[in-house]
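Colleague: One structure coming up, written as structure tokens, with questions to follow.
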Amino acid sequence: SNARLASRGAPRRAAASGRAPTVASAVPKGSKVLVVGSTGGVGQLVVAKLLDAGYVVRAVTRDLDAARGLFGSQSDGPNLELRVADLRDADALAASGICVGVDAVVSCVGTTAFPSARWRDDNGPERTDFVGVRNLVNAVEAQSPGRCKRFVLVSSIGVERTSQMPFLILNLFGVLKHKRAGELALMKSGVPFTVLRPGRLTDGPYTSYDINTLLKATSGTRRAVDLVEGDTLTPEETSRIAVADCAVASLGTQLAENRAFCLGTREGTGPGNDEGEWEKLFASA
């Protein structure tokens, strides 16, 4: 499809500009995965599911106490390391060394589409969805050159449809524009990527859960997943649980490499954490 050619062409365009793409492979269990936005609604689920799948996790937060409260006794375990960093500050990010020795990255950062309390202290869309993501991509290239096999970026549907309704309204304050700019910073870098574009997020955030309870979180009967390459799907909703499952599953397959997918959830039985079922979805997307 044209969407597939466009997304898979990104590393070739990077190579044409003099930046050869990394030769990537799937990220095996036991690898170290950096998760940013780790205490957010999707990020907390990603951390829990990565640990459950057998990965080693370095979870980055701006609030260490909040992370310790969320992840509980696992915070001091051998497979979970908590680190503090602010992606918006490139110099501080470089000094933090959070990307040293990581085999993969999952970015779950984001803010609200319209002005809200979350925009305080310079947390608007430009600084969060573009500047922070761009700085993180640069840090990965500088601190783990050639090592990072996959960078999974959780973005949003509509980033390529900002002139169409309802995305015209959603983008009034630039959130989709800046998410797309963050995507392009990643796609042009040469770091192997997977971009996930969910719709309106449901299920969570589970602010009072510990990591074991997070694994038991369910999206009820609305577990069926629609996964389509590009930005053509307009789902009514997308479960955060499915987004987290998709992010973890994408690390294990080359079928998700250098591709961007929109995803939604609906009534029915879904793939859950079944890697084989996700493999089929990536193959047919």
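Simple scheme: letters A, B, ... for chains in structure tokens order, numbers from 1 for residues in each chain, numbers from 1 for ligands in the order shown.
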May I have all residues of range 25-178 of chain A that DSSP, computed from the backbone, assigns to alpha helix (DSSP H), given as JSON, numbers by chain?

Modeller: {"A": [43, 44, 45, 46, 47, 48, 49, 50, 51, 52, 53, 64, 65, 66, 67, 68, 69, 70, 71, 90, 91, 92, 93, 94, 95, 96, 125, 132, 133, 134, 135, 136, 137, 138, 139, 140, 141, 142, 143, 167, 168, 169, 170, 175, 176, 177, 178]}

Colleague: Please produce, as CSV, a per-residue contact table for range 102-218 of chain A versus range 222-225 of chain A (criterion: any atom at most 12 Å away, only C-alpha atoms considered), showing the nearest atom pair and its distance in Å to one decimal, sorted by chain then residue number.

Modeller:
```
residue,atom,partner,partner_atom,distance
A:Pro198,CA,A:Val225,CA,10.7
A:Gly199,CA,A:Val225,CA,11.8
A:Thr202,CA,A:Arg222,CA,10.3
A:Asp203,CA,A:Arg222,CA,10.3
A:Ala217,CA,A:Arg223,CA,11.9
A:Thr218,CA,A:Arg223,CA,8.4
```

Colleague: Residues of range 187-278 of chain A that approach range 125-139 of chain A to 12 Å or less, counting only C-alpha atoms: could you list each one with the shortest pair of atoms and its distance in Å to one decimal, rows by chain and increasing residue number, as JSON lines?

Modeller:
```
{"residue": "A:Met187", "atom": "CA", "partner": "A:Val137", "partner_atom": "CA", "distance": 9.7}
{"residue": "A:Lys188", "atom": "CA", "partner": "A:Val137", "partner_atom": "CA", "distance": 10.0}
{"residue": "A:Ser189", "atom": "CA", "partner": "A:Val137", "partner_atom": "CA", "distance": 7.4}
{"residue": "A:Gly190", "atom": "CA", "partner": "A:Val137", "partner_atom": "CA", "distance": 9.8}
{"residue": "A:Val191", "atom": "CA", "partner": "A:Val137", "partner_atom": "CA", "distance": 8.0}
{"residue": "A:Pro192", "atom": "CA", "partner": "A:Val137", "partner_atom": "CA", "distance": 10.8}
{"residue": "A:Phe193", "atom": "CA", "partner": "A:Val137", "partner_atom": "CA", "distance": 10.5}
```

Colleague: Of the residues A:Lys49, A:Asp103, A:Leu255, A:Leu34, which is the one nearest to Ala242 in chain A, using only C-alpha atoms?

Modeller: A:Lys49

Colleague: Give the strand (DSSP E or B) residues of range 46-157 of chain A, as DSSP finds them on the backbone, and put them as a list in words.

Modeller: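 Restricting range 46-157 of chain A to strand (DSSP E or B) produces Val56, Val57, Arg58, Ala59, Val60, Thr61, Leu80, Glu81, Leu82, Arg83, Val84, Ala104, Val105, Val106, Ser107, Arg150, Phe151, Val152, Leu153 and Val154 of chain A.
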
Colleague: To one decimal in Å, tell me the separation between CA of Val46 in chain A and CA of Val106 in chain A.

Modeller: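 The value is 8.2 Å.
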
Colleague: Using only C-alpha atoms, which residue out of A:Glu279, A:Glu237, A:Asp274, A:Asp226 lies closest to Ala53 in chain A?

Modeller: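 Result for the nearest residue to Ala53 in chain A: A:Asp274.
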
Colleague: Find, counting only C-alpha atoms, the residue in A:Val100, A:Lys177, A:Cys262, A:Glu141 that gets nearest to Ser163 in chain A.

Modeller: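 Nearest to Ser163 in chain A: A:Lys177.
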
Colleague: Suppose you want the space between CA of Leu281 in chain A and CA of Val27 in chain A; what is it in Å?

Modeller: 18.2 Å

Colleague: Could you list, as a PyMOL selection string, every residue within 12 Å of Glu277 in chain A, counting only C-alpha atoms and ignoring same-chain residues fewer than 4 positions away?

Modeller: chain A and resi 224-225+227+245-246+249-250+253+269-273+281-284

Colleague: How many Å separate CA of Val105 in chain A from CA of Ser31 in chain A?

Modeller: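 Those two atoms sit 10.7 Å apart.
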
Colleague: Ranking A:Val243, A:Ala185, A:Leu93, A:Leu51 by minimum distance to Ile211 in chain A and counting only C-alpha atoms, which one comes first?

Modeller: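 Smallest separation from Ile211 in chain A among the options: A:Leu51.
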
Colleague: Looking at only C-alpha atoms, which of A:Leu184, A:Ala113, A:Val35, A:Val42 is the one that sits closest to Leu168 in chain A?

Modeller: A:Ala113

Colleague: In terms of the shortest atom-to-atom distance over only C-alpha atoms, which of A:Pro235, A:Gly43, A:Gly54, A:Gly101 is closest to Phe71 in chain A?

Modeller: A:Gly43

Colleague: Just the residues within 7 Å of Cys99 in chain A, please, counting only C-alpha atoms, with nothing from its chain fewer than 5 positions along; format it as a VMD selection string.

Modeller: chain A and resid 139 to 140 143 to 144
